[in-house]
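Data from run-v5.cif: mmCIF, C-alpha atoms
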```
data_my_file
loop_
_atom_site.label_atom_id
_atom_site.label_comp_id
_atom_site.auth_asym_id
_atom_site.auth_seq_id
_atom_site.Cartn_x
_atom_site.Cartn_y
_atom_site.Cartn_z
CA MET O 19 0.00 0.00 0.00
CA GLU O 20 2.78 2.35 0.96
CA LYS O 21 4.55 1.54 -2.29
CA LEU O 22 1.48 2.26 -4.38
CA LYS O 23 0.93 5.54 -2.60
CA ARG O 24 4.50 6.53 -3.26
CA MET O 25 4.24 5.63 -6.94
CA ILE O 26 1.07 7.63 -7.42
CA PHE O 27 2.59 10.57 -5.65
CA LEU O 28 5.73 10.43 -7.77
CA SER O 29 3.69 10.49 -10.97
CA LEU O 30 1.73 13.41 -9.58
CA LEU O 31 5.01 15.20 -8.97
CA VAL O 32 6.11 14.48 -12.57
CA SER O 33 2.91 15.96 -13.96
CA LEU O 34 3.22 18.93 -11.61
CA GLY O 35 6.74 19.60 -12.84
CA LEU O 36 5.57 19.23 -16.44
CA ALA O 37 2.73 21.68 -15.90
CA LEU O 38 5.06 24.16 -14.22
CA SER O 39 7.51 23.92 -17.14
CA ILE O 40 4.75 24.53 -19.67
CA ILE O 41 3.38 27.52 -17.75
CA GLU O 42 6.90 28.81 -17.45
CA SER O 43 7.47 28.57 -21.20
CA PHE O 44 4.39 30.73 -21.78
CA MET O 45 5.58 33.40 -19.41
CA PRO O 46 7.54 36.28 -20.90
CA VAL O 47 10.94 36.40 -19.26
CA PRO O 48 11.17 39.48 -17.05
CA PHE O 49 14.95 39.67 -17.31
CA ILE O 50 17.25 41.21 -19.87
CA ALA O 51 19.10 38.00 -20.56
CA PRO O 52 17.55 35.65 -23.10
CA GLY O 53 17.50 32.00 -22.14
CA ALA O 54 16.96 32.70 -18.46
CA LYS O 55 14.10 30.82 -16.88
CA LEU O 56 12.44 30.90 -13.51
CA GLY O 57 13.24 27.26 -12.85
CA LEU O 58 9.92 26.48 -11.22
CA SER O 59 10.22 22.78 -12.02
CA ASN O 60 13.46 22.73 -10.06
CA MET O 61 11.23 23.17 -7.02
CA VAL O 62 9.52 19.87 -7.76
CA ILE O 63 12.85 18.06 -8.08
CA LEU O 64 14.10 19.56 -4.83
CA VAL O 65 10.95 18.56 -2.98
CA THR O 66 11.20 15.03 -4.35
CA LEU O 67 14.83 14.87 -3.26
CA VAL O 68 13.95 15.93 0.26
CA VAL O 69 10.82 13.86 0.74
CA PHE O 70 11.66 10.71 -1.23
CA GLY O 71 15.34 10.54 -2.11
CA PHE O 72 17.94 10.91 -4.80
CA LYS O 73 16.85 8.09 -7.11
CA GLU O 74 13.27 9.30 -7.17
CA ALA O 75 14.37 12.89 -7.79
CA LEU O 76 16.47 11.79 -10.77
CA ILE O 77 13.58 9.75 -12.16
CA VAL O 78 11.16 12.65 -11.79
CA GLY O 79 13.60 15.04 -13.43
CA ILE O 80 14.40 12.80 -16.40
CA LEU O 81 10.74 11.90 -16.97
CA LYS O 82 9.81 15.55 -16.80
CA SER O 83 12.45 16.47 -19.41
CA LEU O 84 11.34 13.68 -21.76
CA LEU O 85 7.66 14.57 -21.45
CA PHE O 86 8.38 18.26 -21.90
CA THR O 87 10.17 17.44 -25.15
CA LEU O 88 7.10 15.51 -26.28
CA VAL O 89 4.87 18.46 -25.42
CA THR O 90 6.91 21.20 -27.06
CA GLY O 91 8.33 19.08 -29.88
CA SER O 92 11.80 20.62 -29.86
CA VAL O 93 14.24 17.74 -29.73
CA SER O 94 17.31 19.99 -29.70
CA SER O 95 16.34 21.32 -26.29
CA LEU O 96 16.20 17.79 -24.86
CA PHE O 97 19.98 17.63 -24.41
CA TYR O 98 20.09 20.94 -22.60
CA SER O 99 17.25 20.13 -20.28
CA LEU O 100 18.41 16.55 -19.60
CA THR O 101 21.99 17.44 -18.75
CA GLY O 102 20.82 20.42 -16.72
CA THR O 103 18.43 18.27 -14.75
CA VAL O 104 20.91 15.47 -14.11
CA PHE O 105 23.70 17.84 -13.07
CA SER O 106 21.49 19.91 -10.81
CA SER O 107 20.02 16.81 -9.13
CA ILE O 108 23.49 15.44 -8.44
CA ALA O 109 24.71 18.79 -7.11
CA MET O 110 21.66 19.21 -4.89
CA PHE O 111 21.97 15.65 -3.61
CA ILE O 112 25.63 16.07 -2.66
CA VAL O 113 25.02 19.40 -0.97
CA TYR O 114 21.93 18.13 0.82
CA LEU O 115 23.60 14.95 2.00
CA TYR O 116 26.93 16.28 3.18
CA PHE O 117 26.53 20.00 3.75
CA SER O 118 23.03 20.37 5.16
CA LYS O 119 24.69 21.48 8.38
CA PHE O 120 25.75 24.70 6.68
CA PHE O 121 23.05 25.26 4.10
CA SER O 122 19.29 25.31 4.34
CA LEU O 123 17.18 24.31 1.35
CA ILE O 124 17.74 27.79 -0.08
CA GLY O 125 21.46 27.09 -0.39
CA VAL O 126 20.77 23.64 -1.84
CA SER O 127 18.45 25.17 -4.40
CA ILE O 128 21.00 27.83 -5.36
CA PHE O 129 23.63 25.12 -5.84
CA GLY O 130 21.19 23.27 -8.09
CA ALA O 131 20.46 26.36 -10.15
CA VAL O 132 24.18 27.11 -10.54
CA ALA O 133 24.90 23.52 -11.61
CA HIS O 134 21.96 23.63 -14.03
CA ASN O 135 23.20 26.81 -15.71
CA THR O 136 26.80 25.66 -15.87
CA ALA O 137 25.81 22.34 -17.43
CA GLN O 138 23.62 24.03 -20.02
CA VAL O 139 26.30 26.54 -21.00
CA LEU O 140 28.78 23.67 -21.20
CA VAL O 141 26.51 21.67 -23.50
CA ALA O 142 25.83 24.75 -25.62
CA SER O 143 29.53 25.47 -26.00
CA LEU O 144 30.24 21.83 -26.88
CA ILE O 145 27.46 21.72 -29.50
CA MET O 146 28.33 25.09 -31.02
CA ASN O 147 32.08 24.46 -30.72
CA ASN O 148 32.49 27.96 -29.34
CA PHE O 149 33.67 28.53 -25.79
CA LYS O 150 32.87 32.25 -25.97
CA ILE O 151 29.39 31.35 -24.77
CA PHE O 152 30.90 31.02 -21.29
CA SER O 153 31.07 34.82 -21.15
CA TYR O 154 27.32 34.59 -20.74
CA LEU O 155 27.57 32.48 -17.59
CA PRO O 156 28.08 35.27 -15.00
CA ILE O 157 24.81 36.94 -15.97
CA LEU O 158 22.99 33.62 -15.77
CA LEU O 159 24.57 32.95 -12.37
CA LEU O 160 23.42 36.29 -11.00
CA ILE O 161 19.87 35.60 -12.17
CA SER O 162 19.97 32.05 -10.85
CA LEU O 163 20.71 33.45 -7.39
CA PHE O 164 17.31 35.10 -7.26
CA THR O 165 15.36 32.26 -8.84
CA GLY O 166 17.21 29.73 -6.69
CA TYR O 167 16.47 31.71 -3.54
CA PHE O 168 12.75 31.81 -4.17
CA THR O 169 12.39 28.21 -5.33
CA GLY O 170 14.34 27.18 -2.23
CA LEU O 171 12.05 29.21 -0.01
CA ALA O 172 8.99 27.65 -1.60
CA SER O 173 10.47 24.15 -1.27
CA ILE O 174 10.98 24.64 2.46
CA PHE O 175 7.27 25.25 2.94
CA ILE O 176 6.17 22.46 0.60
CA SER O 177 8.48 19.82 2.03
CA LYS O 178 7.57 20.75 5.60
CA ASN O 179 3.96 19.83 4.86
CA LEU O 180 4.74 16.81 2.72
CA LYS O 181 7.02 15.23 5.30
CA LYS O 182 4.05 14.95 7.65
CA ASN O 183 2.21 12.77 5.14
CA PHE O 184 5.10 10.62 4.06
CA GLN O 185 7.30 8.66 6.34
CA PRO O 186 10.70 9.40 4.85
CA ARG O 187 12.30 6.08 4.20
CA CYS O 188 15.37 7.14 2.30
CA GLU O 189 18.82 6.98 3.76
CA ILE O 190 19.39 10.74 3.54
CA ASN O 191 16.97 11.70 6.23
CA LYS O 192 18.53 9.44 8.80
CA ILE O 193 21.84 11.23 8.64
CA MET V 25 18.28 31.08 5.82
CA THR V 26 21.46 30.05 7.60
CA LYS V 27 24.85 31.70 7.76
CA GLY V 28 26.13 29.35 5.04
CA ASP V 29 23.39 30.49 2.67
CA LYS V 30 24.37 34.11 3.11
CA CYS V 31 28.05 33.30 2.54
CA LEU V 32 27.13 31.33 -0.58
CA ILE V 33 24.99 34.13 -2.02
CA ILE V 34 27.62 36.77 -1.35
CA SER V 35 30.45 34.67 -2.79
CA ILE V 36 28.47 33.91 -5.97
CA ILE V 37 27.66 37.60 -6.41
CA ILE V 38 31.34 38.47 -6.00
CA ILE V 39 32.50 35.75 -8.39
CA SER V 40 30.02 36.63 -11.11
CA LEU V 41 30.59 40.38 -10.81
CA PHE V 42 34.32 39.81 -11.01
CA SER V 43 34.03 37.61 -14.09
CA LEU V 44 31.61 40.10 -15.68
CA TRP V 45 34.18 42.81 -15.12
CA TYR V 46 36.88 40.57 -16.57
CA VAL V 47 34.83 39.81 -19.69
CA LYS V 48 34.10 43.50 -20.12
CA LYS V 49 37.77 44.38 -19.76
CA GLU V 50 38.78 41.76 -22.31
CA ALA V 51 36.11 43.05 -24.66
CA THR V 52 37.06 46.71 -24.60
CA ASN V 53 40.69 46.10 -25.47
CA TYR V 54 40.09 46.44 -29.18
CA ASP V 55 40.07 49.22 -31.73
CA GLU V 56 38.84 47.59 -34.88
CA LYS V 57 36.00 45.12 -34.88
CA TYR V 58 34.30 42.80 -37.31
CA ILE V 59 31.36 40.41 -37.36
CA LEU V 60 32.01 36.72 -37.58
CA ILE V 61 29.07 34.52 -38.51
CA GLN V 62 29.41 30.82 -37.82
CA VAL V 63 27.00 28.08 -38.74
CA ASP V 64 27.46 24.66 -37.18
CA GLY V 65 30.93 25.55 -35.91
CA LYS V 66 32.25 26.58 -39.34
CA ASP V 67 32.90 30.13 -40.50
CA TYR V 68 30.12 31.35 -42.76
CA LYS V 69 30.93 35.01 -43.32
CA LYS V 70 33.14 37.81 -42.03
CA ILE V 71 31.98 41.39 -42.26
CA THR V 72 34.05 44.42 -41.31
CA PHE V 73 32.15 47.40 -39.98
CA GLY V 74 32.18 50.50 -42.15
CA PRO V 75 29.88 53.21 -43.51
CA GLU V 76 29.07 51.18 -46.60
CA VAL V 77 27.48 48.28 -44.70
CA ILE V 78 25.23 50.34 -42.37
CA GLY V 79 21.61 49.35 -42.83
CA LYS V 80 22.54 46.33 -44.91
CA LYS V 81 20.48 43.19 -44.38
CA ILE V 82 22.15 39.85 -44.85
CA PRO V 83 20.12 36.65 -45.14
CA ILE V 84 21.70 33.49 -43.76
CA LYS V 85 20.03 30.53 -45.37
CA THR V 86 21.42 27.08 -44.66
CA GLU V 87 19.90 23.64 -44.38
CA LEU V 88 19.69 24.24 -40.61
CA GLY V 89 17.42 27.26 -40.88
CA TYR V 90 16.94 30.85 -41.94
CA ASN V 91 18.00 34.05 -40.20
CA LEU V 92 18.06 37.63 -41.42
CA ILE V 93 20.57 39.95 -39.77
CA GLU V 94 20.78 43.70 -39.96
CA ILE V 95 23.97 45.69 -39.55
CA GLY V 96 23.89 49.10 -37.93
CA ASP V 97 26.56 51.62 -37.01
CA GLY V 98 29.03 49.33 -35.26
CA LYS V 99 26.31 46.97 -34.11
CA VAL V 100 24.39 44.03 -35.43
CA ARG V 101 21.11 42.27 -34.67
CA VAL V 102 18.91 39.47 -35.95
CA ILE V 103 15.60 40.72 -37.28
CA GLU V 104 14.05 37.55 -38.62
CA ALA V 105 14.46 33.90 -37.75
CA ASP V 106 12.55 30.72 -38.32
CA CYS V 107 13.43 29.23 -34.94
CA PRO V 108 10.53 28.60 -32.56
CA ASP V 109 11.56 30.70 -29.57
CA GLN V 110 12.91 33.80 -31.40
CA LEU V 111 15.40 34.43 -28.61
CA ASP V 112 18.00 35.75 -31.05
CA VAL V 113 15.53 38.35 -32.34
CA LYS V 114 14.57 39.39 -28.82
CA GLN V 115 18.20 39.90 -27.82
CA GLY V 116 18.50 43.02 -29.99
CA TYR V 117 21.74 44.71 -30.89
CA ILE V 118 25.19 43.57 -29.85
CA GLU V 119 28.06 45.97 -30.25
CA SER V 120 31.18 45.28 -28.23
CA PRO V 121 33.78 42.61 -29.06
CA GLY V 122 33.15 39.30 -27.36
CA GLU V 123 29.38 39.69 -27.42
CA VAL V 124 27.51 36.92 -29.17
CA ILE V 125 24.06 36.22 -30.51
CA VAL V 126 23.35 32.52 -30.47
CA CYS V 127 20.51 30.76 -32.24
CA LEU V 128 20.61 27.24 -30.90
CA PRO V 129 18.01 25.59 -33.20
CA ASN V 130 19.79 26.87 -36.32
CA LYS V 131 23.28 26.36 -34.83
CA LEU V 132 24.09 29.97 -35.64
CA VAL V 133 26.63 32.06 -33.76
CA ILE V 134 27.07 35.73 -34.57
CA GLU V 135 30.06 37.14 -32.79
CA ILE V 136 31.73 40.52 -32.73
CA LYS V 137 35.46 40.16 -32.82
CA GLY V 138 38.09 42.78 -32.35
CA LYS V 139 41.65 43.39 -33.40
CA THR V 140 44.06 45.51 -31.41
CA LYS V 141 45.56 48.35 -33.39
CA ASP V 142 49.17 47.66 -32.50
CA GLU V 143 48.90 44.12 -33.81
CA ASP V 144 51.22 44.36 -36.80
CA ILE V 145 51.20 41.95 -39.65
CA ASP V 146 53.79 39.27 -39.01
CA TYR V 147 54.20 38.19 -42.59
CA ILE V 148 52.23 37.90 -45.80
CA SER V 149 52.59 34.89 -48.00
CA HIS V 150 51.22 34.65 -51.50
#
```
Write the structure described by the file as structure tokens, please.
Amino acid sequence: MEKLKRMIFLSLLVSLGLALSIIESFMPVPFIAPGAKLGLSNMVILVTLVVFGFKEALIVGILKSLLFTLVTGSVSSLFYSLTGTVFSSIAMFIVYLYFSKFFSLIGVSIFGAVAHNTAQVLVASLIMNNFKIFSYLPILLLISLFTGYFTGLASIFISKNLKKNFQPRCEINKI
Amino acid sequence: MTKGDKCLIISIIIISLFSLWYVKKEATNYDEKYILIQVDGKDYKKITFGPEVIGKKIPIKTELGYNLIEIGDGKVRVIEADCPDQLDVKQGYIESPGEVIVCLPNKLVIEIKGKTKDEDIDYISH
């Protein structure tokens, strides 16, 4: 029963992340820099990481990227979103597991946003064969500070409520 | 919000501001500049700025897609593109060396490059 509940909840999280990504793609970007996003779906991955665990967070992130590609139909963006998701989940996991003494979820979220941006710029520079694109990274990092702060803040509230409903079974929460 | 968060935020702000300043400094070290258009990693066209190219529109049509760029007085922008998100059109003008317009779906990179004035010709071979 517990397993079924978890599975249903994970698929709900995937669809939530998908919906957030789609809404986000409709929103005009309020910043000067093109390519910057709010990263709302990062919130879903962070909550999954906290409530369920690393494996589940990775699954939710990858499924979300694949489904988002099916929805928008742009295959070229699949690489960017997949590598970004994988890198940011790994970064958030490491920070959450080993450094949660120093950082709250806000810090974890900022680390995830930074890793996401760096991975995407790296993929872009590899595909375009032009490392000048890295000059764009500082602007993205500055923006990711703000978006990371607010997604982290939101994740704190969400995960506080979710942890009441789900007995955390993953190894992270014991440490 | 813990102490570590604040340290992290401040250090990222410092790092990115410093690297922004560094990029800016590298970019303003030039006297003469030209536009380099690359498609799929290969050079497509090189245009030197001058009074005769102001207002000129150059179509870039490859098998990867179509973009129309417009050259202004020492600046360049994309005015038409067939990519879905139109980010390159929204970016507007770029003018200083090192700045780039990237159109990922069409694999197009438009870059402003600069030459320093005291860079003499080493040798010419015919």
Applied to this file, what does the PyMOL selection byres ((chain V and resi 112-124) around 8) return in terms of residues, put as a PyMOL selection string? (chain O and resi 51-52+150-151+153) or (chain V and resi 47+50-52+54+57+98-105+110-111+125-127+133-138)
Please, could you write that set of residues out with C-alpha atoms as a tab-separated table (two decimals), keeping the file's coordinate frame?
```tsv
chain	number	residue	atom	x	y	z
O	51	ALA	CA	19.10	38.00	-20.56
O	52	PRO	CA	17.55	35.65	-23.10
O	150	LYS	CA	32.87	32.25	-25.97
O	151	ILE	CA	29.39	31.35	-24.77
O	153	SER	CA	31.07	34.82	-21.15
V	47	VAL	CA	34.83	39.81	-19.69
V	50	GLU	CA	38.78	41.76	-22.31
V	51	ALA	CA	36.11	43.05	-24.66
V	52	THR	CA	37.06	46.71	-24.60
V	54	TYR	CA	40.09	46.44	-29.18
V	57	LYS	CA	36.00	45.12	-34.88
V	98	GLY	CA	29.03	49.33	-35.26
V	99	LYS	CA	26.31	46.97	-34.11
V	100	VAL	CA	24.39	44.03	-35.43
V	101	ARG	CA	21.11	42.27	-34.67
V	102	VAL	CA	18.91	39.47	-35.95
V	103	ILE	CA	15.60	40.72	-37.28
V	104	GLU	CA	14.05	37.55	-38.62
V	105	ALA	CA	14.46	33.90	-37.75
V	110	GLN	CA	12.91	33.80	-31.40
V	111	LEU	CA	15.40	34.43	-28.61
V	125	ILE	CA	24.06	36.22	-30.51
V	126	VAL	CA	23.35	32.52	-30.47
V	127	CYS	CA	20.51	30.76	-32.24
V	133	VAL	CA	26.63	32.06	-33.76
V	134	ILE	CA	27.07	35.73	-34.57
V	135	GLU	CA	30.06	37.14	-32.79
V	136	ILE	CA	31.73	40.52	-32.73
V	137	LYS	CA	35.46	40.16	-32.82
V	138	GLY	CA	38.09	42.78	-32.35
```
Enumerate, as a PyMOL selection string, the residues matched when the PyMOL selection byres ((chain V) within 7 of (chain O)) is run on the file above. chain V and resi 25-26+28-29+33+37+40+43-44+47+64-65+111+115+129+131
Quick one: which residues end up in the PyMOL selection byres ((chain V and resi 61) around 9) for this structure, as a PyMOL selection string? chain V and resi 59-60+62-63+66-71+132-136
Work out how far atom CA of O:Val68 is from atom CA of O:Val89, in Å to one decimal.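 Taking atom CA of O:Val89 as the start and atom CA of O:Val68 as the end point, the length is 27.4 Å.
A straight line drawn from atom CA of V:Pro83 to atom CA of O:Leu96 is 28.0 Å long.
Checking O:Met25, O:Asn179, O:Thr87, O:Phe72 one by one against O:Ile40, counting all atoms listed in the file, you find the shortest gap at O:Thr87.
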Suppose you want the space between atom CA of O:Ala133 and atom CA of O:Ser106; what is it in Å? 5.0 Å
Distance query O:Tyr98 at most 10 Å, only C-alpha atoms, self and fewer than 4 positions along chain excluded, as a VMD selection string: chain O and resid 83 93 to 94 102 to 103 134 to 135 137 to 142
If we count all atoms listed in the file, what is near V:Asp106 at a cut-off of 7 Å, once residues fewer than 3 positions away on the same chain are taken out, given as a PDB file with C-alpha atoms, in the frame of the given file?
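Contents of the output file part-v7.pdb:
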```pdb
ATOM      1  CA  GLY V  89      17.420  27.260 -40.880  1.00  0.00           C
ATOM      2  CA  TYR V  90      16.940  30.850 -41.940  1.00  0.00           C
ATOM      3  CA  ASN V  91      18.000  34.050 -40.200  1.00  0.00           C
TER       4      ASN V  91
END
```
For O:Ala172, which of O:Val113, O:Leu64, O:Leu31, O:Ala75 is the closest residue, counting only C-alpha atoms?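 Ranking O:Val113, O:Leu64, O:Leu31, O:Ala75 by distance to O:Ala172, first place goes to O:Leu64.
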